[in-house]
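Accompanying notes for the structure given below.
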Amino acid sequence: MYAIGPVKIGLTVGYEAEIPEGSRILTWRGADIIFCPSYTFTEAGFWRVRHCAHARAIENQVYIVHCPTFSDHDRRKALYAKYEPYKG
C-alpha cells in the first residue's frame, strides 16, 4: 500500500487480478486505486485479466488501472484501461 497525498494506492500484478481476495484485502486496508500491470502471451490472456480486473472494481467499489502488455511472438501491443466502480 502506498500513499500519494490523500490517495492510497494498492498493487496487484497480472494473475492476482483473477483472485478476488487480493483486491478485497487492499480495499479493506483503504486503497482508493489499485494498479494492475500484466504481461500475457496471448490476446485471450489479456482479455482474461481485463475482465477479472473489471469484476474486482465492481465487487470492491474501487478504481482499478489495468496496465497490460501482451505478445503473440509476431507483434507486441501495449494497451491500458481504467475501470471505475459501478455507480448504478
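Naming scheme: A, B, ... for chains in displayed order of the C-alpha cells; residues 1 onward per chain; ligands 1 onward as shown.
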Give me the residues within 10 Å of stretch 48-63 of chain A as a VMD selection string, counting only C-alpha atoms and dropping any in the same chain fewer than 4 places off.
chain A and resid 9 12 to 28 30 to 40 42 to 44 67 to 68 80 to 87
Can you write just those residues out, N, CA and C atoms, as a compact mmCIF listing (two decimals), in the first residue's frame?
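File written: again-v6.txt
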# COMPACT_ATOMS: atom_id res chain seq x y z
N ILE A 9 -2.85 3.88 -2.71
CA ILE A 9 -2.74 3.07 -3.91
C ILE A 9 -2.30 1.65 -3.55
N THR A 12 -1.75 -4.99 -7.52
CA THR A 12 -1.86 -6.42 -7.81
C THR A 12 -1.15 -6.62 -9.14
N VAL A 13 -0.56 -7.76 -9.35
CA VAL A 13 0.20 -7.99 -10.57
C VAL A 13 -0.41 -9.15 -11.35
N GLY A 14 -0.83 -8.86 -12.58
CA GLY A 14 -1.30 -9.88 -13.51
C GLY A 14 -2.34 -10.83 -12.95
N TYR A 15 -1.92 -12.07 -12.76
CA TYR A 15 -2.80 -13.15 -12.34
C TYR A 15 -3.54 -12.83 -11.04
N GLU A 16 -2.94 -11.99 -10.18
CA GLU A 16 -3.57 -11.64 -8.91
C GLU A 16 -4.93 -10.96 -9.11
N ALA A 17 -5.15 -10.35 -10.26
CA ALA A 17 -6.44 -9.72 -10.56
C ALA A 17 -7.54 -10.77 -10.68
N GLU A 18 -7.16 -12.00 -10.95
CA GLU A 18 -8.14 -13.07 -11.11
C GLU A 18 -8.57 -13.66 -9.77
N ILE A 19 -7.89 -13.28 -8.71
CA ILE A 19 -8.19 -13.80 -7.38
C ILE A 19 -8.86 -12.70 -6.56
N PRO A 20 -10.12 -12.82 -6.21
CA PRO A 20 -10.85 -11.74 -5.54
C PRO A 20 -10.25 -11.29 -4.21
N GLU A 21 -9.63 -12.19 -3.47
CA GLU A 21 -9.17 -11.85 -2.12
C GLU A 21 -8.10 -10.77 -2.10
N GLY A 22 -7.21 -10.76 -3.09
CA GLY A 22 -6.14 -9.76 -3.12
C GLY A 22 -6.67 -8.34 -3.18
N SER A 23 -7.58 -8.10 -4.11
CA SER A 23 -8.18 -6.77 -4.23
C SER A 23 -9.04 -6.44 -3.02
N ARG A 24 -9.71 -7.44 -2.47
CA ARG A 24 -10.55 -7.24 -1.29
C ARG A 24 -9.71 -6.77 -0.10
N ILE A 25 -8.57 -7.41 0.11
CA ILE A 25 -7.69 -7.02 1.22
C ILE A 25 -7.17 -5.60 1.03
N LEU A 26 -6.76 -5.26 -0.19
CA LEU A 26 -6.29 -3.90 -0.45
C LEU A 26 -7.39 -2.88 -0.19
N THR A 27 -8.61 -3.21 -0.56
CA THR A 27 -9.74 -2.31 -0.32
C THR A 27 -9.99 -2.18 1.18
N TRP A 28 -9.96 -3.28 1.90
CA TRP A 28 -10.15 -3.23 3.37
C TRP A 28 -9.09 -2.36 4.03
N GLY A 30 -7.88 0.23 2.76
CA GLY A 30 -8.13 1.62 2.42
C GLY A 30 -7.69 2.07 1.04
N ALA A 31 -7.38 1.15 0.14
CA ALA A 31 -6.95 1.54 -1.20
C ALA A 31 -8.06 2.29 -1.93
N ASP A 32 -7.70 3.42 -2.54
CA ASP A 32 -8.63 4.18 -3.37
C ASP A 32 -8.50 3.76 -4.84
N ILE A 33 -7.28 3.40 -5.22
CA ILE A 33 -6.97 2.97 -6.59
C ILE A 33 -6.08 1.73 -6.49
N ILE A 34 -6.35 0.75 -7.35
CA ILE A 34 -5.50 -0.44 -7.43
C ILE A 34 -4.91 -0.49 -8.84
N PHE A 35 -3.59 -0.52 -8.91
CA PHE A 35 -2.91 -0.65 -10.19
C PHE A 35 -2.64 -2.13 -10.45
N CYS A 36 -2.84 -2.54 -11.70
CA CYS A 36 -2.68 -3.94 -12.06
C CYS A 36 -1.90 -4.08 -13.36
N PRO A 37 -0.55 -4.04 -13.30
CA PRO A 37 0.22 -4.31 -14.51
C PRO A 37 0.17 -5.81 -14.84
N SER A 38 0.19 -6.13 -16.13
CA SER A 38 0.19 -7.55 -16.51
C SER A 38 0.92 -7.74 -17.83
N TYR A 39 1.46 -8.93 -18.00
CA TYR A 39 2.06 -9.33 -19.27
C TYR A 39 1.54 -10.73 -19.57
N THR A 40 0.86 -10.86 -20.69
CA THR A 40 0.35 -12.17 -21.09
C THR A 40 0.89 -12.50 -22.47
N THR A 42 -0.86 -14.11 -24.89
CA THR A 42 -1.88 -14.14 -25.93
C THR A 42 -2.90 -13.04 -25.68
N GLU A 43 -3.64 -12.72 -26.71
CA GLU A 43 -4.71 -11.74 -26.55
C GLU A 43 -5.79 -12.28 -25.63
N ALA A 44 -6.02 -13.58 -25.67
CA ALA A 44 -7.00 -14.19 -24.76
C ALA A 44 -6.60 -13.98 -23.31
N CYS A 67 -2.76 -2.06 -16.60
CA CYS A 67 -1.65 -1.64 -17.46
C CYS A 67 -1.09 -2.87 -18.17
N PRO A 68 -1.76 -3.35 -19.23
CA PRO A 68 -1.36 -4.63 -19.82
C PRO A 68 -0.39 -4.50 -21.00
N TYR A 80 -3.94 0.14 -22.35
CA TYR A 80 -4.25 0.43 -20.96
C TYR A 80 -5.75 0.57 -20.82
N ALA A 81 -6.22 0.38 -19.63
CA ALA A 81 -7.64 0.52 -19.37
C ALA A 81 -7.83 0.96 -17.93
N LYS A 82 -8.81 1.81 -17.71
CA LYS A 82 -9.15 2.25 -16.35
C LYS A 82 -10.59 1.82 -16.09
N TYR A 83 -10.82 1.19 -14.97
CA TYR A 83 -12.17 0.74 -14.64
C TYR A 83 -12.66 1.51 -13.45
N GLU A 84 -13.88 1.98 -13.56
CA GLU A 84 -14.48 2.73 -12.46
C GLU A 84 -15.52 1.85 -11.80
N PRO A 85 -15.74 2.07 -10.51
CA PRO A 85 -16.78 1.31 -9.84
C PRO A 85 -18.15 1.64 -10.43
N TYR A 86 -19.03 0.68 -10.44
CA TYR A 86 -20.39 0.89 -10.93
C TYR A 86 -21.16 1.76 -9.96
N LYS A 87 -21.73 2.83 -10.47
CA LYS A 87 -22.48 3.73 -9.60
C LYS A 87 -23.93 3.82 -10.06
What is the distance between atom CA of A:Phe70 and atom CA of A:Phe41, in Å to one decimal?
5.3 Å
